[in-house]
Amino acid sequence: MGIRVSADELERRRRAQFGRAVMGISALLLMIMSAVLPHVMVEAATVVPGRSLIPASRFFLIVNPNAEAFQGATSVAAAGMGISITYLGLAFQQVGLITGVASFWVLIVDDVGRWTRRLVMVSGVSLLLGASTVGLGYQLLSNAGVPTLLGTAWIPTLLAGLIMVIGGRLARRRLVSTWYWENPEIVQP
């Protein structure tokens with residue numbers, strides 16, 4: 001004997017599912033945009049393969065604050081701090097993207113596991129930290145006298161992080177702790 005659900009309840013569930021699908025797909029699209037849009041760039045860098053996430057990360061990983069592009073900096077230490085903080089932000093973004101692509105579906109489904117929800121939260125927090133830390137690195141480089149351009153990739157990174165954190169918080173209501181507790185009628189005494 002099944003449980004009958006009213007037409008209003010079915011419509012409410014359908015609307016909730018649609019809203020969750022929009023949220024999950026938006027997060028995925030914003031994460032993709034954040035990986036391909038231009039990131040932070042040092043203007044005097046002569047050999048730059050691109051400004052998307054991977055080339056920008058590689059540049060800030062291998063660059064030396066004593067290099068020619070940083071000759072106008074107020075100090076080598078200030079340029080080095082800006083480089084390190086910028087790379088840290090790009091690394092946070094990479095962690096957020098990897099965990100986010102693996103877990104964005106949690107924002108969409110009806111039943112959410114505890115650990116997959118935590119993965120969504122790790123993604124969201126990493127993306128938020130990535131966007132803010134890249135902005136801080138840009139500010140440090142600019143204040144150190146290094147001509148630097150800040151691309152637009154921080155905006156979708158920030159928005160994707162917000163969606164993942166908010167969606168992860170909302171998913172708490174859909175947590176399924178164990179199968180037995182959710183379906184005790186199936187187990188015989």
# chains A, B, ... in the order shown; residues from 1 in each chain; ligands from 1
>>> select_by_dssp(residues="chain A", states="strand (DSSP E)", output="PDB file with all heavy atoms, in the first residue's frame")
ATOM      1  N   MET A  41      47.280  39.041 -14.093  1.00  0.00           N
ATOM      2  CA  MET A  41      48.453  38.975 -14.959  1.00  0.00           C
ATOM      3  C   MET A  41      49.386  40.137 -14.658  1.00  0.00           C
ATOM      4  O   MET A  41      48.941  41.264 -14.456  1.00  0.00           O
ATOM      5  CB  MET A  41      48.028  39.056 -16.424  1.00  0.00           C
ATOM      6  CG  MET A  41      49.188  38.963 -17.398  1.00  0.00           C
ATOM      7  SD  MET A  41      48.665  39.201 -19.105  1.00  0.00           S
ATOM      8  CE  MET A  41      49.096  40.910 -19.340  1.00  0.00           C
ATOM      9  N   VAL A  42      50.676  39.856 -14.632  1.00  0.00           N
ATOM     10  CA  VAL A  42      51.692  40.891 -14.488  1.00  0.00           C
ATOM     11  C   VAL A  42      51.935  41.458 -15.885  1.00  0.00           C
ATOM     12  O   VAL A  42      52.261  40.715 -16.815  1.00  0.00           O
ATOM     13  CB  VAL A  42      52.984  40.320 -13.875  1.00  0.00           C
ATOM     14  CG1 VAL A  42      54.084  41.361 -13.842  1.00  0.00           C
ATOM     15  CG2 VAL A  42      52.709  39.775 -12.484  1.00  0.00           C
ATOM     16  N   THR A 148      49.986  45.328 -12.724  1.00  0.00           N
ATOM     17  CA  THR A 148      49.243  44.068 -12.744  1.00  0.00           C
ATOM     18  C   THR A 148      47.827  44.317 -13.232  1.00  0.00           C
ATOM     19  O   THR A 148      47.231  45.349 -12.920  1.00  0.00           O
ATOM     20  CB  THR A 148      49.210  43.463 -11.329  1.00  0.00           C
ATOM     21  OG1 THR A 148      50.532  43.424 -10.802  1.00  0.00           O
ATOM     22  CG2 THR A 148      48.659  42.060 -11.331  1.00  0.00           C
ATOM     23  N   LEU A 149      47.296  43.364 -13.973  1.00  0.00           N
ATOM     24  CA  LEU A 149      45.908  43.412 -14.439  1.00  0.00           C
ATOM     25  C   LEU A 149      45.103  42.333 -13.736  1.00  0.00           C
ATOM     26  O   LEU A 149      45.552  41.196 -13.617  1.00  0.00           O
ATOM     27  CB  LEU A 149      45.842  43.163 -15.945  1.00  0.00           C
ATOM     28  CG  LEU A 149      46.543  44.161 -16.850  1.00  0.00           C
ATOM     29  CD1 LEU A 149      46.509  43.676 -18.292  1.00  0.00           C
ATOM     30  CD2 LEU A 149      45.876  45.523 -16.737  1.00  0.00           C
TER      31      LEU A 149
END
>>> atom_distance(atom1="atom CA of A:Gln139", atom2="atom CA of A:Val122")
25.4 Å
>>> residues_around(residues="A:Ala171", least_positions_apart="6", cutoff="8 Å", atoms="only C-alpha atoms", output="PyMOL selection string")
chain A and resi 106-107+112+117
>>> select_by_dssp(residues="stretch 1-179 of chain A", states="alpha helix (DSSP H)", output="PyMOL selection string")
chain A and resi 7-36+53-62+76-103+114-143+154-170+179
>>> atom_distance(atom1="atom CA of A:Leu141", atom2="atom CA of A:Ser57")
15.3 Å
